[in-house]
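J.: Contents of model-v2.txt (compact mmCIF, C-alpha atoms) are given next:
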# COMPACT_ATOMS: atom_id res chain seq x y z
CA MET A 114 28.81 -9.23 -12.03
CA ALA A 115 27.43 -6.16 -10.39
CA ALA A 116 23.80 -5.45 -11.20
CA ARG A 117 23.04 -8.83 -12.72
CA GLU A 118 22.81 -11.06 -9.71
CA ARG A 119 23.18 -14.79 -9.86
CA ASP A 120 21.04 -17.11 -7.87
CA ASP A 121 22.82 -20.14 -6.47
CA THR A 122 19.64 -21.62 -5.07
CA GLY A 123 18.49 -22.80 -8.46
CA GLY A 124 15.28 -20.78 -8.23
CA GLN A 125 14.82 -17.29 -9.57
CA ASP A 126 14.27 -14.57 -7.01
CA MET A 127 11.02 -13.24 -8.45
CA LEU A 128 10.42 -11.03 -5.45
CA ARG A 129 13.57 -8.96 -5.88
CA ARG A 130 11.62 -6.36 -7.80
CA ALA A 131 8.19 -7.03 -6.33
CA GLY A 132 8.78 -4.87 -3.27
CA ASP A 133 8.83 -5.30 0.47
CA ALA A 134 5.05 -5.35 0.72
CA SER A 135 4.92 -8.47 -1.46
CA VAL A 136 7.49 -10.23 0.69
CA LEU A 137 5.60 -9.28 3.85
CA ILE A 138 2.33 -10.57 2.41
CA LEU A 139 3.83 -13.88 1.26
CA THR A 140 5.47 -14.31 4.65
CA SER A 141 2.14 -13.68 6.35
CA LEU A 142 0.35 -16.15 4.08
CA ALA A 143 3.03 -18.80 4.60
CA ASP A 144 1.24 -20.16 7.67
CA GLY A 145 -2.28 -20.09 6.27
CA SER A 146 -4.84 -18.12 4.28
CA LYS A 147 -5.83 -14.63 5.42
CA HIS A 148 -8.02 -11.75 4.29
CA GLY A 149 -6.92 -8.13 3.96
CA TYR A 150 -7.42 -6.86 7.49
CA ALA A 151 -5.92 -10.03 9.00
CA LEU A 152 -2.87 -9.55 6.76
CA ILE A 153 -2.40 -5.97 7.99
CA GLN A 154 -2.72 -7.07 11.60
CA ASP A 155 -0.37 -10.03 11.18
CA ILE A 156 2.29 -7.95 9.41
CA ARG A 157 2.06 -5.33 12.13
CA GLY A 158 2.63 -8.11 14.65
CA PHE A 159 5.65 -9.83 13.14
CA ALA A 160 7.33 -6.92 11.33
CA GLY A 161 6.22 -3.87 13.32
CA LEU A 162 5.07 -2.20 10.10
CA GLN A 163 1.73 -0.70 9.23
CA LEU A 164 0.92 -1.62 5.66
CA GLY A 165 -1.30 1.01 4.03
CA PRO A 166 -4.50 -0.50 2.63
CA GLY A 167 -3.83 0.95 -0.82
CA THR A 168 -0.41 -0.65 -0.82
CA LEU A 169 -1.89 -3.91 0.39
CA TYR A 170 -4.34 -4.15 -2.50
CA GLY A 171 -1.68 -3.15 -5.02
CA ALA A 172 0.62 -5.89 -3.79
CA LEU A 173 -2.20 -8.46 -3.65
CA ASP A 174 -3.14 -7.73 -7.27
CA ARG A 175 0.48 -7.95 -8.36
CA LEU A 176 1.10 -11.23 -6.51
CA GLU A 177 -2.09 -12.70 -7.94
CA ARG A 178 -1.07 -11.72 -11.47
CA MET A 179 2.31 -13.35 -10.87
CA GLY A 180 0.58 -16.54 -9.73
CA LEU A 181 2.19 -16.40 -6.29
CA ILE A 182 -1.10 -16.16 -4.40
CA GLU A 183 -4.67 -17.06 -5.23
CA ALA A 184 -8.02 -15.80 -4.04
CA LEU A 185 -10.27 -18.19 -2.14
CA PRO A 186 -14.07 -17.97 -2.19
CA ALA A 187 -15.17 -14.77 -0.45
CA GLU A 188 -16.53 -14.98 3.09
CA ASP A 189 -19.15 -12.28 3.50
CA ARG A 190 -17.32 -9.12 2.38
CA ARG A 191 -13.88 -10.54 3.10
CA GLN A 192 -11.71 -12.01 0.38
CA PRO A 193 -9.17 -14.52 1.72
CA TYR A 194 -5.97 -15.32 -0.14
CA GLN A 195 -3.61 -18.25 0.05
CA ILE A 196 -0.05 -18.72 -1.10
CA THR A 197 0.50 -20.99 -4.11
CA ALA A 198 3.29 -23.50 -4.65
CA ALA A 199 5.00 -20.95 -6.89
CA GLY A 200 4.64 -18.41 -4.09
CA VAL A 201 6.29 -20.74 -1.61
CA ALA A 202 9.19 -21.31 -4.02
CA ALA A 203 9.55 -17.58 -4.70
CA LEU A 204 9.51 -16.72 -1.00
CA ARG A 205 12.06 -19.42 -0.23
CA ALA A 206 14.38 -18.16 -2.99
CA HIS A 207 14.03 -14.60 -1.75
CA LEU A 208 14.70 -15.52 1.87
CA ASP A 209 17.78 -17.49 0.81
CA SER A 210 18.99 -14.44 -1.06
CA ILE A 211 18.43 -12.17 1.94
CA GLU A 212 20.17 -14.67 4.18
CA ARG A 213 23.28 -14.65 1.99
CA VAL A 214 23.40 -10.86 2.08
CA THR A 215 22.80 -10.83 5.84
CA ARG A 216 25.58 -13.32 6.41
CA ALA A 217 28.02 -11.31 4.29
CA GLY A 218 27.02 -8.07 5.99
CA ARG A 219 27.43 -9.45 9.49
CA LEU A 220 30.78 -10.96 8.58
CA ARG A 221 32.08 -7.69 7.19
CA LEU A 222 30.85 -5.76 10.21
CA GLY A 223 32.57 -8.22 12.50
CA LEU A 224 29.29 -9.25 14.07
CA GLY A 225 29.84 -12.96 13.57
CA ALA A 226 27.42 -15.54 12.26
CA ILE A 227 23.76 -15.60 13.22
CA MET B 105 -16.98 3.27 14.84
CA PRO B 106 -15.59 6.00 12.57
CA GLY B 107 -17.79 9.01 11.95
CA PRO B 108 -19.54 9.71 8.67
CA ARG B 109 -17.02 12.41 7.78
CA SER B 110 -14.13 9.96 8.01
CA MET B 111 -15.92 7.43 5.87
CA ARG B 112 -16.89 10.06 3.31
CA LEU B 113 -13.22 10.90 2.92
CA VAL B 114 -12.30 7.24 2.45
CA GLU B 115 -15.17 6.63 0.06
CA SER B 116 -14.05 9.61 -2.01
CA ALA B 117 -10.62 8.03 -2.36
CA LEU B 118 -12.13 4.65 -3.21
CA ARG B 119 -14.13 6.23 -6.00
CA CYS B 120 -10.83 7.00 -7.73
CA TYR B 121 -10.25 3.28 -8.39
CA PRO B 122 -11.44 1.79 -11.69
CA GLN B 123 -14.98 0.41 -11.66
CA ARG B 124 -13.77 -3.16 -12.08
CA TRP B 125 -11.52 -2.86 -9.03
CA ARG B 126 -14.35 -1.35 -6.98
CA SER B 127 -16.77 -4.09 -7.85
CA ARG B 128 -14.27 -6.68 -6.68
CA HIS B 129 -12.61 -5.02 -3.69
CA GLY B 130 -14.77 -1.99 -2.89
CA ASP B 131 -16.85 -3.41 -0.05
CA GLU B 132 -13.91 -5.08 1.63
CA ALA B 133 -11.75 -1.99 1.19
CA ALA B 134 -14.36 0.15 2.93
CA GLU B 135 -14.62 -2.43 5.70
CA ILE B 136 -10.83 -2.45 6.18
CA ALA B 137 -10.86 1.34 6.32
CA ARG B 138 -13.56 1.25 9.01
CA LEU B 139 -11.54 -1.22 11.07
CA LEU B 140 -8.27 0.68 10.68
CA ILE B 141 -9.90 3.97 11.67
CA ARG B 142 -11.52 2.23 14.62
CA ASP B 143 -8.03 0.98 15.62
CA GLY B 144 -6.73 4.56 15.65
CA THR B 145 -5.34 5.07 12.14
CA PRO B 146 -6.23 8.61 10.99
CA ALA B 147 -8.90 8.65 8.31
CA HIS B 148 -6.88 10.95 6.07
CA SER B 149 -3.96 8.52 6.22
CA VAL B 150 -6.19 5.66 5.08
CA ALA B 151 -7.72 7.85 2.36
CA TRP B 152 -4.30 8.93 1.14
CA SER B 153 -3.13 5.34 0.93
CA TYR B 154 -6.17 4.45 -1.17
CA LEU B 155 -5.68 7.53 -3.32
CA MET B 156 -2.10 6.55 -4.12
CA GLY B 157 -3.20 2.96 -4.66
CA ALA B 158 -5.85 4.13 -7.11
CA ALA B 159 -3.27 6.13 -9.06
CA ARG B 160 -0.94 3.14 -9.22
CA THR B 161 -3.77 0.82 -10.25
CA ARG B 162 -4.79 3.12 -13.07
CA LEU B 163 -1.20 3.52 -14.20
CA VAL B 164 -0.66 -0.24 -14.24
CA THR B 165 -3.94 -1.35 -15.78
CA GLY B 166 -4.87 1.56 -18.03
CA SER B 167 -3.69 2.52 -21.46
CA ARG B 168 -1.25 5.39 -21.83
CA ARG B 169 -4.06 7.81 -22.58
CA ARG B 170 -6.09 6.70 -19.61
CA ALA B 171 -2.98 6.77 -17.47
CA GLY B 172 -2.47 10.39 -18.45
CA ALA B 173 -6.04 11.11 -17.46
CA ALA B 174 -5.43 9.33 -14.18
CA VAL B 175 -2.39 11.46 -13.44
CA GLY B 176 -4.45 14.56 -14.19
CA ALA B 177 -7.26 13.33 -11.94
CA LEU B 178 -4.75 12.59 -9.20
CA LEU B 179 -3.30 16.07 -9.42
CA VAL B 180 -6.79 17.55 -9.14
CA ALA B 181 -7.53 15.27 -6.20
CA VAL B 182 -4.26 16.12 -4.47
CA ALA B 183 -4.88 19.81 -4.99
CA SER B 184 -8.39 19.52 -3.66
CA LEU B 185 -7.10 17.62 -0.64
CA GLY B 186 -4.94 20.59 0.18
CA VAL B 187 -1.42 19.35 -0.45
CA PRO B 188 0.78 22.32 -1.37
CA LEU B 189 2.21 22.22 -4.87
CA ALA B 190 5.68 22.66 -3.43
CA LEU B 191 5.35 19.21 -1.94
CA LEU B 192 4.65 17.70 -5.33
CA SER B 193 7.83 19.10 -6.75
CA SER B 194 10.02 18.03 -3.88
CA SER B 195 9.37 15.11 -1.60
CA ALA B 196 6.04 13.56 -2.51
CA PRO B 197 7.02 11.45 -5.54
CA ALA B 198 10.11 10.10 -3.83
CA ASN B 199 8.15 9.15 -0.79
CA ALA B 200 4.91 7.99 -2.29
CA ALA B 201 4.40 4.44 -1.36
CA SER B 202 3.68 1.79 1.07
CA VAL B 203 5.05 0.71 4.38
CA ALA B 204 5.68 2.62 7.56
CA HIS B 205 6.65 1.90 11.10
CA SER B 206 3.54 1.49 13.15
CA ARG B 207 4.58 3.79 15.97
CA GLY B 208 3.78 7.40 15.41
CA ALA B 209 3.51 6.89 11.72
CA HIS B 210 0.67 9.20 10.91
CA PRO B 211 0.62 12.79 9.88
CA ARG B 212 -1.70 15.16 11.65
CA PRO B 213 -4.17 17.57 10.21
CA ALA B 214 -2.53 20.92 9.94
CA HIS B 215 -4.46 23.86 8.73
CA PRO B 216 -8.22 24.25 8.63
CA ARG B 217 -7.85 26.09 5.35
CA TYR B 218 -6.86 22.82 3.70
CA GLY B 219 -9.92 20.73 3.38
CA ALA B 220 -10.64 17.46 1.68
CA SER B 221 -13.13 17.03 -1.08
CA ARG B 222 -14.29 14.24 -3.29
CA CYS B 223 -11.97 13.02 -5.98
CA GLY B 224 -12.52 15.10 -9.04
CA ASP B 225 -15.18 17.11 -7.26
CA SER B 226 -15.10 20.76 -8.16
CA ARG B 227 -16.88 21.88 -5.05
CA PRO B 228 -14.82 23.86 -2.54
CA ALA B 229 -12.95 21.86 0.05
CA ASP B 230 -14.69 21.36 3.34
CA PRO B 231 -12.50 22.50 6.20
CA ARG B 232 -14.32 20.15 8.53
CA TYR B 233 -12.38 17.26 6.98
CA GLY B 234 -9.01 18.69 7.96
CA GLY B 235 -5.95 18.48 5.75
CA TRP B 236 -2.31 17.73 5.59
CA ARG B 237 0.51 19.62 7.19
CA GLY B 238 2.43 19.44 3.95
CA GLY B 239 4.90 16.67 4.70
CA PRO B 240 4.91 13.34 2.90
CA ASP B 241 2.54 10.71 4.15
CA ARG B 242 4.65 8.72 6.50
CA CYS B 243 2.25 5.82 6.31
CA ASP B 244 3.44 5.44 2.72
CA ARG B 245 7.10 5.87 3.12
CA HIS B 246 8.91 3.41 0.89
CA ASP B 247 8.14 3.06 -2.76
CA HIS B 248 7.88 -0.50 -3.86
CA GLY B 249 7.27 0.27 -7.47
Could you take the file, read its structure, and then write that structure out as structure tokens?
T.:
Amino acid sequence: MAARERDDTGGQDMLRRAGDASVLILTSLADGSKHGYALIQDIRGFAGLQLGPGTLYGALDRLERMGLIEALPAEDRRQPYQITAAGVAALRAHLDSIERVTRAGRLRLGLGAI
Amino acid sequence: MPGPRSMRLVESALRCYPQRWRSRHGDEAAEIARLLIRDGTPAHSVAWSYLMGAARTRLVTGSRRRAGAAVGALLVAVASLGVPLALLSSSAPANAASVAHSRGAHPRPAHPRYGASRCGDSRPADPRYGGWRGGPDRCDRHDHG
């Protein structure tokens, strides 16, 4: 069972192939709606990463197509987005998956549990 | 506020997006660019990110024929922006992408000979816009597909 991963959480990890930017955006939107610049600032704050604006829009379009986020009515020139119920489920499944890997990695490195 | 040269560079990159994308995101994208440049992000880094985003958008949304045209347009744009062809054959595709550490993550202009011009513009590059040293854009380090 190498490349074909199972998911014990019951939910499919849709974000496995969506990329880090998608995970960062969903994590940022998890505590409320934000527009593009606010997303970049928030991600810089909690992850220490500067998301390129081209990457941001690519990920926003992809997440919207997947139904994981939705656009809210525009405020002036700014387009806010919010996470959907499907987005919350996808993020939760992905974080569970990461947590399992983290736990196994720490155990094998002798670092103990988190 | 960023100077007109910086914004011209960004607007050139934004023009590479499909019309439908520009009508939806264009104004906000320009606003984000202004704010990022004001915060200290180099204009060419922002423009490069939009240029790569435009290529990806066209590859995802366009037909195969249009995608081929997009790749051709991108190559012309990259050449006009002064990126050496050697970079294209070595590190650029593997590094084209998305996220970078915020500290010291931006390439610097290198040689005045390499100027930036508008996407698809056949006019000679303007050295006043600066150019790339030739390394991959570290603001777009990891490819997220």
J.: Between CA of Gly158 in chain A and CA of Leu137 in chain A, what distance in Å does the model show, to one decimal?
T.: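 If I compute the distance from CA of Gly158 in chain A to CA of Leu137 in chain A, I get 11.3 Å.
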J.: Which value, in Å to one decimal, gives the distance between CA of Ile141 in chain B and CA of Val136 in chain A?
T.: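 Here the two named atoms are 25.0 Å from each other.
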J.: Contacts of Gly180 in chain A at 12 Å or less, counting all atoms listed in the file, minus same-chain residues fewer than 3 places along, as a PyMOL selection string?
T.: chain A and resi 127+139+173-177+183-184+194-203
J.: Do you have, as CSV, the list of residues of chain A lying at most 9 Å from chain B, each with its nearest atom pair and that distance in Å to one decimal, counting only C-alpha atoms and ordered by chain then number?
T.:
residue,atom,partner,partner_atom,distance
A:Arg130,CA,B:Gly249,CA,7.9
A:Ala131,CA,B:His248,CA,7.0
A:Gly132,CA,B:His248,CA,4.5
A:Asp133,CA,B:His248,CA,6.5
A:Ala134,CA,B:Val203,CA,7.1
A:Ser135,CA,B:His248,CA,8.8
A:Gly149,CA,B:Ile136,CA,7.2
A:Tyr150,CA,B:Ile136,CA,5.7
A:Arg157,CA,B:Ser206,CA,7.1
A:Ala160,CA,B:His205,CA,8.8
A:Gly161,CA,B:Ser206,CA,6.0
A:Leu162,CA,B:His205,CA,4.5
A:Gln163,CA,B:Ser206,CA,4.8
A:Leu164,CA,B:Val203,CA,4.9
A:Gly165,CA,B:Ser153,CA,5.6
A:Pro166,CA,B:Ser153,CA,6.2
A:Gly167,CA,B:Tyr154,CA,4.2
A:Thr168,CA,B:Ser202,CA,5.1
A:Leu169,CA,B:Ser202,CA,8.0
A:Tyr170,CA,B:Gly157,CA,7.5
A:Gly171,CA,B:Gly157,CA,6.3
A:Arg190,CA,B:Glu132,CA,5.3
A:Arg191,CA,B:Glu132,CA,5.7
A:Gln192,CA,B:Glu132,CA,7.4
J.: What is the distance between CA of Leu113 in chain B and CA of Thr165 in chain B, in Å to one decimal?
T.: 24.2 Å
J.: From the list B:Arg142, B:His148, B:Gly176, B:Arg162, which residue is nearest Val114 in chain B when using all atoms listed in the file?
T.: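 Once distances to Val114 in chain B are computed over all atoms listed in the file, the minimum belongs to B:His148.
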J.: Between A:Ile182, A:Leu152, A:Ala187, A:Ala226, single out the one closest to Val214 in chain A, counting only C-alpha atoms.
T.: A:Ala226
